[in-house]
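J.: Provided below: data.cif, containing mmCIF, C-alpha atoms.
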data_input
#
loop_
_atom_site.label_atom_id
_atom_site.label_comp_id
_atom_site.auth_asym_id
_atom_site.auth_seq_id
_atom_site.Cartn_x
_atom_site.Cartn_y
_atom_site.Cartn_z
CA MET N 1410 25.86 36.52 -3.83
CA LYS N 1411 27.04 39.84 -2.45
CA ARG N 1412 29.85 41.34 -4.46
CA ALA N 1413 32.62 43.65 -3.35
CA ALA N 1414 34.75 45.43 -5.87
CA ILE N 1415 38.05 46.74 -4.55
CA ALA N 1416 37.78 44.25 -1.72
CA SER N 1417 40.93 42.22 -1.33
CA LEU N 1418 43.90 44.54 -1.57
CA TYR N 1419 43.14 45.69 1.97
CA ALA N 1420 42.10 42.44 3.56
CA ALA N 1421 45.38 41.26 5.17
CA LEU N 1422 47.12 44.48 5.92
CA ILE N 1423 45.95 45.41 9.33
CA ALA N 1424 48.07 42.66 10.81
CA LEU N 1425 51.29 43.57 9.10
CA LEU N 1426 52.60 44.74 12.44
CA ALA N 1427 52.18 41.26 13.89
CA PHE N 1428 52.08 38.75 11.02
CA ALA N 1429 54.59 36.48 12.76
CA GLN N 1430 51.94 35.55 15.34
CA PRO N 1431 50.65 32.48 13.56
CA LEU N 1432 46.95 32.38 14.32
CA GLY N 1433 45.72 35.91 15.07
CA ALA N 1434 41.99 36.41 14.94
CA ALA N 1435 41.25 40.11 14.57
CA ASN N 1436 38.92 40.68 11.68
CA VAL N 1437 38.89 44.29 10.52
CA ARG N 1438 38.01 44.72 6.86
CA LEU N 1439 38.99 47.48 4.52
CA PRO N 1440 37.82 48.17 1.02
CA SER N 1441 40.58 46.39 -0.79
CA LEU N 1442 43.53 45.43 1.33
CA PRO N 1443 43.84 42.06 3.08
CA SER N 1444 42.85 41.70 6.93
CA ARG N 1445 44.71 41.01 10.08
CA ALA N 1446 43.72 37.36 10.08
CA GLN N 1447 45.29 36.70 6.70
CA LEU N 1448 48.69 38.08 7.59
CA ASN N 1449 48.65 36.48 11.00
CA SER N 1450 47.88 33.00 9.72
CA PRO N 1451 50.27 31.29 7.30
CA VAL N 1452 47.60 28.74 6.37
CA SER N 1453 44.59 30.99 6.10
CA THR N 1454 42.35 31.91 3.24
CA ALA N 1455 39.77 34.65 3.17
CA ASP N 1456 36.94 35.95 1.09
CA THR N 1457 36.09 39.63 1.02
CA SER N 1458 32.91 39.38 -1.03
CA THR N 1459 30.52 40.21 1.81
CA GLU N 1460 32.32 43.27 3.16
CA HIS N 1461 30.86 46.74 2.77
CA ASN N 1462 32.38 48.45 -0.21
CA TRP N 1463 32.62 52.18 0.15
CA LEU N 1464 33.93 52.80 -3.35
CA LEU N 1465 31.14 50.85 -5.02
CA SER N 1466 28.62 52.87 -3.01
CA LEU N 1467 30.10 56.01 -4.60
CA MET N 1468 30.08 54.61 -8.13
CA PRO N 1469 27.04 52.32 -8.41
CA ALA N 1470 26.88 52.87 -12.18
CA ALA N 1471 30.12 50.88 -12.50
CA ARG N 1472 28.06 47.72 -11.91
CA ASN N 1473 26.70 48.04 -15.43
CA MET N 1474 29.90 49.10 -17.19
CA GLU N 1475 32.34 47.01 -19.16
CA ALA N 1476 35.80 46.13 -17.96
CA PRO N 1477 38.63 48.33 -19.24
CA ASP N 1478 40.08 46.80 -22.40
CA TRP N 1479 43.39 46.04 -20.65
CA VAL N 1480 41.68 43.78 -18.07
CA THR N 1481 41.61 40.14 -19.16
CA GLU N 1482 41.79 36.71 -17.59
CA GLY N 1483 45.42 35.93 -16.89
CA LEU N 1484 46.24 39.52 -15.88
CA ARG N 1485 48.44 39.65 -12.79
CA ALA N 1486 48.97 42.83 -10.73
CA TYR N 1487 51.30 43.54 -7.82
CA TYR N 1488 50.79 45.93 -4.92
CA ARG N 1489 53.09 46.87 -2.06
CA VAL N 1490 51.05 46.88 1.13
CA ALA N 1491 51.69 48.16 4.63
CA ALA N 1492 49.93 49.20 7.84
CA ASP N 1493 50.67 51.19 10.97
CA THR N 1494 49.08 52.74 14.07
CA VAL N 1495 49.97 56.43 14.33
CA GLU N 1496 48.87 59.65 15.96
CA ASN N 1497 45.41 60.58 14.76
CA PRO N 1498 45.81 63.39 12.18
CA PHE N 1499 42.05 64.12 12.31
CA ARG N 1500 41.72 64.62 16.09
CA ASP N 1501 42.17 68.36 16.56
CA GLU N 1502 40.09 69.46 13.60
CA PRO N 1503 38.21 67.59 10.90
CA VAL N 1504 40.41 66.89 7.89
CA VAL N 1505 38.81 65.90 4.60
CA ILE N 1506 41.99 65.52 2.55
CA ALA N 1507 43.84 62.78 4.37
CA PRO N 1508 47.63 62.30 4.41
CA THR N 1509 48.95 59.81 1.84
CA PRO N 1510 51.89 57.93 3.35
CA ARG N 1511 53.81 55.52 1.15
CA ALA N 1512 54.15 51.90 2.19
CA GLY N 1513 57.85 52.31 2.96
CA GLU N 1514 57.08 55.05 5.49
CA LEU N 1515 54.96 52.80 7.71
CA ASN N 1516 56.31 50.63 10.50
CA SER N 1517 55.02 47.28 9.33
CA ALA N 1518 56.60 44.17 7.94
CA PRO N 1519 57.02 44.32 4.16
CA ALA N 1520 54.37 42.60 2.09
CA ILE N 1521 53.47 42.18 -1.56
CA MET N 1522 50.01 41.28 -2.79
CA ARG N 1523 49.93 39.40 -6.08
CA THR N 1524 46.44 39.44 -7.62
CA ASP N 1525 45.25 37.37 -10.59
CA VAL N 1526 42.10 37.95 -12.64
CA VAL N 1527 40.70 34.41 -12.57
CA ALA N 1528 37.29 35.05 -14.14
CA LEU N 1529 35.78 37.80 -16.27
CA ALA N 1530 32.22 37.40 -17.56
CA SER N 1531 29.49 39.76 -18.70
CA ARG N 1532 28.24 40.42 -15.15
CA TYR N 1533 30.92 38.87 -12.99
CA ALA N 1534 34.59 39.29 -12.16
CA ALA N 1535 36.69 37.38 -9.66
CA THR N 1536 40.26 37.64 -8.44
CA SER N 1537 42.58 35.45 -6.42
CA SER N 1538 45.35 37.07 -4.42
CA THR N 1539 48.35 35.76 -2.53
CA ILE N 1540 50.01 37.84 0.16
CA PHE N 1541 53.78 37.44 0.32
CA VAL N 1542 55.84 38.51 3.32
CA GLY N 1543 59.54 38.65 4.09
CA GLN N 1544 62.58 38.78 1.89
CA PRO N 1545 62.86 36.64 -0.13
CA PRO N 1546 59.06 36.50 -0.26
CA ILE N 1547 57.03 33.56 1.00
CA PRO N 1548 53.27 33.08 0.43
CA TRP N 1549 51.56 33.83 3.74
CA SER N 1550 47.88 33.59 2.87
CA ASP N 1551 45.35 33.68 0.05
CA VAL N 1552 42.51 36.14 -0.40
CA PHE N 1553 39.57 36.00 -2.83
CA SER N 1554 37.27 38.70 -4.09
CA THR N 1555 34.37 39.15 -6.49
CA GLY N 1556 33.10 42.20 -8.30
CA TYR N 1557 31.80 43.42 -11.61
CA PRO N 1558 33.63 43.85 -14.91
CA GLY N 1559 33.40 47.62 -14.46
CA ILE N 1560 34.75 47.67 -10.89
CA CYS N 1561 36.81 45.06 -9.10
CA ASP N 1562 39.98 44.65 -7.06
CA PHE N 1563 42.38 46.97 -8.80
CA TRP N 1564 40.46 48.65 -11.58
CA VAL N 1565 37.44 50.84 -12.24
CA ASN N 1566 35.94 51.80 -15.58
CA ILE N 1567 37.30 55.34 -15.85
CA ASN N 1568 33.90 56.60 -17.00
CA ALA N 1569 32.54 55.79 -13.53
CA VAL N 1570 35.23 57.97 -11.96
CA LYS N 1571 34.47 60.81 -14.35
CA ALA N 1572 30.76 60.50 -13.60
CA LEU N 1573 31.55 60.80 -9.90
CA GLN N 1574 33.48 64.01 -10.60
CA MET N 1575 30.41 65.50 -12.25
CA SER N 1576 28.16 64.91 -9.23
CA LEU N 1577 30.03 64.75 -5.93
CA PRO N 1578 28.18 63.31 -2.90
CA ALA N 1579 28.68 64.87 0.52
CA GLY N 1580 32.13 64.17 1.93
CA VAL N 1581 33.72 63.43 -1.46
CA TYR N 1582 36.46 65.53 -3.02
CA THR N 1583 38.36 64.95 -6.25
CA SER N 1584 41.44 66.50 -7.82
CA ALA N 1585 43.84 65.99 -10.71
CA THR N 1586 47.36 64.93 -9.80
CA ALA N 1587 50.26 62.73 -10.87
CA TYR N 1588 51.47 59.54 -9.24
CA VAL N 1589 54.90 57.94 -9.43
CA SER N 1590 54.93 54.15 -9.20
CA SER N 1591 57.60 51.56 -9.84
CA SER N 1592 56.30 51.49 -13.41
CA GLY N 1593 56.64 55.23 -14.08
CA VAL N 1594 54.65 58.46 -13.85
CA HIS N 1595 50.87 58.25 -14.20
CA PRO N 1596 48.31 61.03 -14.71
CA ALA N 1597 45.86 60.45 -11.91
CA ILE N 1598 42.47 61.37 -10.47
CA ARG N 1599 42.48 61.53 -6.70
CA VAL N 1600 39.27 60.73 -4.78
CA ASP N 1601 38.99 61.47 -1.04
CA TYR N 1602 36.00 60.35 0.97
CA ALA N 1603 35.06 61.00 4.60
CA PRO N 1604 31.73 59.26 5.36
CA ALA N 1605 29.83 61.23 8.00
CA GLY N 1606 30.27 59.78 11.48
CA ALA N 1607 32.06 56.64 10.30
CA GLY N 1608 35.50 57.37 11.74
CA HIS N 1609 36.97 56.32 8.39
CA TYR N 1610 38.86 58.34 5.79
CA PHE N 1611 39.59 56.99 2.32
CA THR N 1612 41.89 57.99 -0.50
CA TRP N 1613 42.05 56.44 -3.97
CA LEU N 1614 44.23 57.43 -6.90
CA PHE N 1615 43.16 56.18 -10.32
CA ASP N 1616 45.11 56.35 -13.55
CA SER N 1617 43.07 58.96 -15.41
CA ASP N 1618 43.52 57.15 -18.76
CA THR N 1619 42.96 53.52 -17.77
CA GLY N 1620 41.14 53.33 -14.43
CA LEU N 1621 43.98 51.33 -12.85
CA VAL N 1622 44.04 51.76 -9.05
CA LEU N 1623 47.43 53.33 -8.34
CA TYR N 1624 47.14 54.00 -4.62
CA GLN N 1625 44.60 53.48 -1.88
CA ALA N 1626 44.54 54.08 1.83
CA GLU N 1627 42.09 53.88 4.68
CA TRP N 1628 42.39 55.59 8.02
CA ILE N 1629 40.42 54.13 10.95
CA VAL N 1630 40.11 56.25 14.08
CA LEU N 1631 40.53 53.99 17.12
CA LYS N 1632 38.50 54.02 20.34
CA ASP N 1633 41.37 55.93 21.90
CA ASP N 1634 40.99 58.76 19.43
CA ARG N 1635 44.54 59.94 19.94
CA TYR N 1636 45.45 57.21 17.47
CA ALA N 1637 44.38 55.97 14.07
CA HIS N 1638 45.20 52.88 12.07
CA VAL N 1639 46.25 53.40 8.47
CA VAL N 1640 46.57 50.80 5.74
CA VAL N 1641 48.06 51.47 2.33
CA ALA N 1642 48.36 49.69 -1.01
CA GLU N 1643 50.47 51.12 -3.82
CA PHE N 1644 50.75 49.82 -7.36
CA VAL N 1645 54.03 48.14 -8.34
CA SER N 1646 53.48 46.58 -11.77
CA LYS N 1647 51.26 44.32 -13.86
CA ARG N 1648 51.81 41.70 -16.54
CA TYR N 1649 49.95 39.03 -18.49
CA VAL N 1650 50.38 35.29 -17.97
CA THR N 1651 49.50 33.08 -20.94
CA LEU N 1652 47.54 30.03 -19.80
CA PRO N 1653 47.10 26.86 -21.90
CA TRP N 1654 43.50 26.40 -20.73
CA THR N 1655 42.04 29.92 -21.12
CA SER N 1656 39.86 28.82 -24.05
CA GLY N 1657 38.55 25.79 -22.15
CA VAL N 1658 35.46 25.43 -19.98
CA ALA N 1659 34.76 24.11 -16.51
CA PRO N 1660 34.36 20.32 -16.14
CA SER N 1661 30.80 18.95 -16.19
CA TRP N 1662 30.80 18.23 -12.43
CA VAL N 1663 31.32 21.93 -11.63
CA VAL N 1664 27.69 22.76 -10.83
CA PRO N 1665 26.03 24.35 -7.78
CA GLY N 1666 25.47 21.86 -4.98
CA THR N 1667 28.46 19.65 -5.72
CA SER N 1668 30.40 19.02 -2.52
CA PHE N 1669 33.66 17.28 -1.72
CA SER N 1670 36.23 17.20 1.08
CA TYR N 1671 39.97 17.12 1.61
CA GLN N 1672 41.79 15.55 4.52
CA GLY N 1673 45.08 17.10 5.47
CA SER N 1674 47.64 17.92 8.08
CA ILE N 1675 49.80 20.87 9.06
CA ARG N 1676 53.18 20.39 10.70
CA THR N 1677 56.44 22.22 11.21
CA TRP N 1678 60.08 21.19 11.15
CA SER N 1679 63.15 22.90 12.52
CA PRO N 1680 66.82 21.88 12.67
CA ALA N 1681 66.70 22.05 16.48
CA THR N 1682 63.53 20.06 17.21
CA GLY N 1683 62.79 18.07 14.06
CA PHE N 1684 59.17 17.47 13.05
CA SER N 1685 56.28 18.60 15.23
CA LEU N 1686 53.20 16.46 15.72
CA PRO N 1687 50.88 16.95 12.74
CA ILE N 1688 47.65 18.90 13.21
CA PRO N 1689 44.95 16.95 11.34
CA ALA N 1690 42.23 18.90 9.56
CA VAL N 1691 39.44 18.51 7.03
CA LEU N 1692 38.30 21.02 4.41
CA ASN N 1693 34.66 20.73 3.35
CA VAL N 1694 34.01 22.37 -0.03
CA GLU N 1695 30.65 23.12 -1.67
CA ILE N 1696 30.11 24.78 -5.04
CA LEU N 1697 27.76 27.74 -4.56
CA SER N 1698 27.59 29.08 -8.11
CA ALA N 1699 29.20 28.28 -11.43
CA ASP N 1700 29.27 29.08 -15.10
CA ARG N 1701 31.15 27.74 -18.10
CA LYS N 1702 34.31 29.64 -17.13
CA TRP N 1703 34.26 30.00 -13.34
CA SER N 1704 32.98 28.69 -10.03
CA SER N 1705 32.59 29.95 -6.49
CA VAL N 1706 32.87 27.59 -3.53
CA ARG N 1707 32.35 27.76 0.21
CA ILE N 1708 35.15 26.25 2.29
CA GLN N 1709 34.77 25.29 5.92
CA ARG N 1710 37.71 23.97 7.89
CA MET N 1711 37.44 21.40 10.68
CA PHE N 1712 40.16 20.71 13.26
CA SER N 1713 39.95 17.66 15.53
CA GLY N 1714 36.31 17.14 14.63
CA ALA N 1715 35.27 20.72 15.48
CA MET N 1716 34.05 22.96 12.65
CA GLU N 1717 35.36 26.52 12.56
CA ASP N 1718 32.70 29.16 13.12
CA SER N 1719 33.15 30.91 9.80
CA ALA N 1720 33.42 29.74 6.22
CA ILE N 1721 35.08 31.51 3.33
CA GLN N 1722 34.46 31.67 -0.39
CA ALA N 1723 37.09 30.90 -3.00
CA HIS N 1724 37.02 31.19 -6.76
CA SER N 1725 38.36 29.09 -9.61
CA GLY N 1726 38.27 30.04 -13.26
CA THR N 1727 39.88 29.66 -16.63
CA GLY N 1728 42.17 32.55 -15.65
CA THR N 1729 43.57 30.65 -12.65
CA LEU N 1730 47.26 29.80 -12.97
CA THR N 1731 47.68 27.87 -9.71
CA GLY N 1732 45.51 26.69 -6.85
CA GLY N 1733 42.08 26.29 -8.44
CA PHE N 1734 39.84 23.37 -7.57
CA TRP N 1735 39.67 22.47 -11.26
CA ILE N 1736 41.39 23.00 -14.60
CA PRO N 1737 39.69 22.52 -17.99
CA ARG N 1738 40.41 19.01 -19.20
CA THR N 1739 41.43 20.28 -22.63
CA GLY N 1740 44.25 22.22 -20.98
CA LEU N 1741 45.47 19.24 -18.98
CA LEU N 1742 45.56 17.06 -22.09
CA LYS N 1743 48.03 19.48 -23.72
CA MET N 1744 50.58 19.32 -20.92
CA GLU N 1745 53.87 17.51 -20.89
CA ALA N 1746 56.38 17.16 -18.09
CA GLY N 1747 58.80 20.05 -18.20
CA ASP N 1748 56.35 22.56 -19.70
CA ILE N 1749 56.96 26.02 -18.28
CA LEU N 1750 53.74 27.83 -17.37
CA ASP N 1751 55.44 30.94 -15.92
CA ALA N 1752 59.18 31.08 -16.43
CA PHE N 1753 59.96 33.75 -13.86
CA ASP N 1754 57.90 36.06 -11.70
CA PRO N 1755 59.97 39.27 -11.63
CA VAL N 1756 58.48 40.49 -8.34
CA ILE N 1757 58.29 37.25 -6.33
CA GLY N 1758 61.12 35.33 -8.00
CA SER N 1759 59.04 32.19 -8.57
CA THR N 1760 58.68 29.70 -11.41
CA VAL N 1761 55.64 27.58 -12.34
CA GLU N 1762 56.12 24.40 -14.34
CA VAL N 1763 54.59 21.01 -15.08
CA ALA N 1764 56.54 18.65 -12.87
CA TYR N 1765 54.91 15.33 -13.76
CA VAL N 1766 52.46 13.84 -16.24
CA GLY N 1767 51.62 10.19 -15.73
CA TYR N 1768 49.62 7.82 -13.58
CA ALA N 1769 48.81 7.99 -9.89
CA SER N 1770 47.16 5.33 -7.76
CA TYR N 1771 44.25 3.40 -9.25
CA ASN N 1772 45.63 4.12 -12.71
CA SER N 1773 44.36 7.71 -12.74
CA PRO N 1774 46.25 9.91 -15.24
CA VAL N 1775 47.34 13.10 -13.50
CA VAL N 1776 49.22 16.35 -14.03
CA THR N 1777 51.35 17.88 -11.28
CA ILE N 1778 51.91 21.65 -11.36
CA PHE N 1779 54.78 22.97 -9.27
CA GLU N 1780 55.49 26.54 -8.11
CA TRP N 1781 58.76 27.22 -6.38
CA ALA N 1782 61.07 29.99 -5.25
CA GLU N 1783 63.97 30.33 -2.85
CA LYS N 1784 61.99 29.92 0.39
CA TYR N 1785 58.83 28.05 -0.61
CA LYS N 1786 57.30 25.44 -2.87
CA ARG N 1787 53.72 24.61 -3.77
CA ALA N 1788 52.33 21.69 -5.77
CA TRP N 1789 48.90 20.77 -7.13
CA ILE N 1790 47.89 17.42 -8.63
CA TYR N 1791 44.94 17.33 -11.06
CA ARG N 1792 43.19 14.28 -12.47
CA ILE N 1793 43.13 14.50 -16.24
CA ASP N 1794 39.87 12.55 -16.66
CA ASP N 1795 37.73 15.19 -14.93
CA GLY N 1796 40.08 18.13 -14.21
CA MET N 1797 39.63 17.85 -10.45
CA LEU N 1798 42.20 18.87 -7.84
CA LEU N 1799 43.28 15.70 -6.01
CA TYR N 1800 46.09 16.95 -3.80
CA TRP N 1801 48.05 20.04 -2.92
CA LEU N 1802 51.15 20.87 -0.91
CA ASP N 1803 52.27 24.16 0.62
CA GLU N 1804 55.75 24.22 2.15
CA LYS N 1805 57.61 27.35 3.23
CA VAL N 1806 60.21 28.74 5.59
CA VAL N 1807 58.14 30.54 8.24
CA ASP N 1808 61.04 31.58 10.51
CA PRO N 1809 64.32 32.23 8.69
CA SER N 1810 66.16 32.86 11.96
CA THR N 1811 65.60 29.26 13.14
CA GLY N 1812 65.10 27.61 9.76
CA THR N 1813 61.59 26.52 10.76
CA VAL N 1814 59.56 25.13 7.85
CA GLN N 1815 55.80 24.70 7.76
CA ARG N 1816 54.30 21.97 5.58
CA ALA N 1817 50.59 21.61 4.81
CA GLU N 1818 49.21 18.76 2.68
CA TRP N 1819 45.64 18.12 1.53
CA GLN N 1820 44.25 15.00 -0.17
CA LEU N 1821 40.82 14.58 -1.76
CA ILE N 1822 38.58 12.21 0.19
CA GLU N 1823 36.76 9.92 -2.20
CA ASP N 1824 35.42 6.40 -2.40
CA ARG N 1825 38.11 4.08 -3.65
CA PRO N 1826 37.39 0.96 -5.64
CA GLU N 1827 37.97 -2.23 -3.71
CA GLU N 1828 41.31 -3.83 -4.30
CA PRO N 1829 40.87 -6.99 -6.40
CA GLU N 1830 41.46 -10.20 -4.56
CA VAL N 1831 44.69 -11.88 -5.55
CA SER N 1832 44.65 -15.65 -5.64
CA PRO N 1833 47.55 -17.31 -3.87
CA THR N 1834 50.25 -18.62 -6.12
CA PRO N 1835 49.89 -22.39 -6.45
#
Could you quickly redo this structure as C-alpha cells?
T.:
Amino acid sequence: MKRAAIASLYAALIALLAFAQPLGAANVRLPSLPSRAQLNSPVSTADTSTEHNWLLSLMPAARNMEAPDWVTEGLRAYYRVAADTVENPFRDEPVVIAPTPRAGELNSAPAIMRTDVVALASRYAATSSTIFVGQPPIPWSDVFSTGYPGICDFWVNINAVKALQMSLPAGVYTSATAYVSSSGVHPAIRVDYAPAGAGHYFTWLFDSDTGLVLYQAEWIVLKDDRYAHVVVAEFVSKRYVTLPWTSGVAPSWVVPGTSFSYQGSIRTWSPATGFSLPIPAVLNVEILSADRKWSSVRIQRMFSGAMEDSAIQAHSGTGTLTGGFWIPRTGLLKMEAGDILDAFDPVIGSTVEVAYVGYASYNSPVVTIFEWAEKYKRAWIYRIDDGMLLYWLDEKVVDPSTGTVQRAEWQLIEDRPEEPEVSPTP
C-alpha cells in the first residue's frame, strides 16, 4: 500500500470557494489538505494515501522514526482550512519564500477539519478526518489518510525536521520563527520548498519542540500564470478522547479479502417541497489489509447499477470514535444506554453517546452510537456478537436559507434466516 504522510489536511480545500455545488468533480490533491471533490460533495469520502507527498520526499528518514510521545490513538486535532485564487505572487520574479496568508484572509467558505488518530502501530499510522462547513458546523465529507508513526497527517518526528536543516536539498529553505495559534504562542521551524519546474510552492511550520504541524500552505500556479491557487491549514487545538475499546482488538472476521456491501439511499427534504425521490445506491466494501488493531478497506459506490470509476480507501481502528466498520466486541459489551462517549466537542459543538443497547431484528443484540449537534445528527448501529457495522445514518441541514435537509441511510446486505412457518391457529 502506498502511504502518504501529511496527506489529508489539504484534500478538500480547493473547493472551498464552491462547496455548495453538491457534486463537483475536480480532483486536485495537495499534501495534506482535503480536495475540491470532498468539499463539493456532502456525501463523499476520499482517501489520500496514493497522492504524491512532497514533505515525505524531503524527510524519508521519518519513515523509520517513532511517533512523538504526545501522539496516541484517540488524539483529535482541529485545523482551520481555507482556499482562494489570487494574483500570482511568483510571476514577475521567482520567489522562494512564499507569502503565508491566514485562513481568515482568504475568500473561501469557512471550514474546520477534525482529524482523529485511528490507528498507530510500529510501522503504520492512520487518520480519519471530517470536514465541517458553515456556522454552526455540519459534517460535509470524510477524508482518510495513512502514514508512518514518524510522519503522518499533522505531526512529524522533530528529529526528521532537524536532520533536514542539517542537509538542505535544492529549493529548500528553513528558518526559526514563532507562530501564534488559537492555543497560544509556539516556537517554530519554518520550511519552504519550491520544487524545480513544478509550479508549486510549499510552506510548513512545525512546533520546534513537538513536531506538531502548526501551519501549511501550497501555492499552485495556474495555466493562466497571472493567477495562483492557494490552500491553507492552520492549527486550532488538540485534545484526547478516551475510548472504551482502545485496549480491544479487531473482530476475527476482519481479515484481508473479506467483502460485504451496504444498500442505501440519499434524499433531501425542504419545507417548501417535502421529500425528494430517494437516490438508491450500493457501497461495496473489501478489506485490503488488517492487523489486530486496524484495517484498511476499499469502498466502491454504485448508483442505479453503474459502478463509479474510482474507489477510495477508508480506515477503522481501535482509535476510531465514530464511523468505523467495526468496534472491538469487548468494548461493545461494556456499553449501556446513556453512556457518554464524548460529552462536548468544544470546536464543533457535538456530543457522542450510546443511544440504545438491546435487540434488533432476528434477535441480534446491538449498540447504537449517536453523534449530534445543532444542525446535524449521525448514528451507527453495531452488532455486539461480531462488532460489525450494520447500519448508519447521516442527516444534516445542507441549506440553512431554505431549511433543506439531506438524509443518507445505509444498511448491511446479508443473508437473512428464513422466517419460521407459523401454523394456523386451530
J.: Between N:Leu1573, N:Leu1821, N:Ala1507, N:Leu1652, which has the minimum distance to Val1691 in chain N (counting only C-alpha atoms)?
T.: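 Nearest to Val1691 in chain N: N:Leu1821.
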J.: For the file shown, what are the residues hit by the PyMOL selection byres ((chain N and resi 1671) around 9), laid out as a PyMOL selection string?
T.: chain N and resi 1669-1670+1672-1673+1690-1694+1799-1800+1819-1823
J.: Give the answer as one residue: which of N:Asn1566, N:Gln1625, N:Ser1698, N:Ser1591 has the shortest atom-to-atom distance to Pro1469 in chain N, using all atoms listed in the file?
T.: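 Closest residue, counting all atoms listed in the file: N:Asn1566.
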J.: Please enumerate the residues selected by the PyMOL selection byres ((chain N and resi 1728) around 8) when evaluated against the supplied file, formatted as number ranges by chain.
T.: N: 1482-1483, 1525-1528, 1652, 1655, 1725-1727, 1729-1730
J.: Within 6 Å of Arg1676 in chain N, counting all atoms listed in the file, which residues show up once you throw out same-chain ones fewer than 4 positions away? Write them as a PyMOL selection string, please.
T.: chain N and resi 1685+1687+1815-1816
J.: Care to translate the PyMOL selection byres ((chain N and resi 1510) around 12) into actual residues of this file, as number ranges by chain?
T.: N: 1490-1493, 1495, 1507-1509, 1511-1516, 1612, 1624-1628, 1639-1643
J.: What is the distance between CA of Glu1717 in chain N and CA of Arg1523 in chain N, in Å to one decimal?
T.: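 Going from CA of Glu1717 in chain N over to CA of Arg1523 in chain N covers 26.9 Å.
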J.: Between N:Pro1809, N:Ala1534, N:Glu1695, N:Gly1620, which has the minimum distance to Thr1555 in chain N (counting all atoms listed in the file)?
T.: N:Ala1534
J.: For Arg1738 in chain N, which residue out of N:Trp1564, N:Phe1553, N:Tyr1768, N:Tyr1791 is the nearest one, using only C-alpha atoms?
T.: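 So, comparing all the options, the nearest one is N:Tyr1791.
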J.: Which residue out of N:Val1600, N:Ser1554, N:Ile1696, N:Leu1741 has the minimum interatomic distance to Val1658 in chain N when only C-alpha atoms are used?
T.: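 That would be N:Leu1741, the residue with the smallest distance to Val1658 in chain N.
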J.: Show which residues sit within 10 Å of Pro1660 in chain N, as an mmCIF file with C-alpha atoms, in the frame of the given file. Count all atoms listed in the file, and ignore same-chain residues fewer than 4 positions away.
T.:
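In the end it all went to result_23.cif:
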data_model
loop_
_atom_site.group_PDB
_atom_site.id
_atom_site.type_symbol
_atom_site.label_atom_id
_atom_site.label_comp_id
_atom_site.auth_asym_id
_atom_site.auth_seq_id
_atom_site.Cartn_x
_atom_site.Cartn_y
_atom_site.Cartn_z
ATOM 1 C CA VAL N 1664 27.690 22.760 -10.830
ATOM 2 C CA ARG N 1701 31.150 27.740 -18.100
ATOM 3 C CA LYS N 1702 34.310 29.640 -17.130
ATOM 4 C CA TRP N 1735 39.670 22.470 -11.260
ATOM 5 C CA ILE N 1736 41.390 23.000 -14.600
ATOM 6 C CA PRO N 1737 39.690 22.520 -17.990
ATOM 7 C CA ARG N 1738 40.410 19.010 -19.200
ATOM 8 C CA THR N 1739 41.430 20.280 -22.630
ATOM 9 C CA ASP N 1794 39.870 12.550 -16.660
ATOM 10 C CA ASP N 1795 37.730 15.190 -14.930
ATOM 11 C CA GLY N 1796 40.080 18.130 -14.210
ATOM 12 C CA MET N 1797 39.630 17.850 -10.450
#
J.: Find the distance between CA of Asp1618 in chain N and CA of Thr1586 in chain N and write it in Å to one decimal.
T.: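 The value is 12.5 Å.
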J.: Any idea what the distance is between CA of Ser1590 in chain N and CA of Arg1489 in chain N?
T.: 10.4 Å
J.: Measuring between only C-alpha atoms, which one of N:Arg1500, N:Arg1599, N:Arg1707, N:Lys1786 shows the shortest distance to Tyr1636 in chain N?
T.: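 With only C-alpha atoms as the atom set, the closest residue is N:Arg1500.
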J.: Skipping near chain neighbours, those fewer than 3 positions away, what residues fall within 12 Å of Phe1753 in chain N using all atoms listed in the file, listed as a PyMOL selection string?
T.: chain N and resi 1648+1650+1749-1750+1756-1762+1780-1782
J.: I want to know what sits within 9 Å of Gly1559 in chain N, based on all atoms listed in the file, with residues of the same chain fewer than 6 positions away left out; could you give that as a list in words?
T.: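 Once the nearby chain positions are removed, what remains is Ala1414, Ala1470, Ala1471, Arg1472, Asn1473, Met1474, Glu1475, Ala1476, Pro1477, Arg1532, Ala1534, Val1565, Asn1566, Ile1567 and Ala1569 of chain N.
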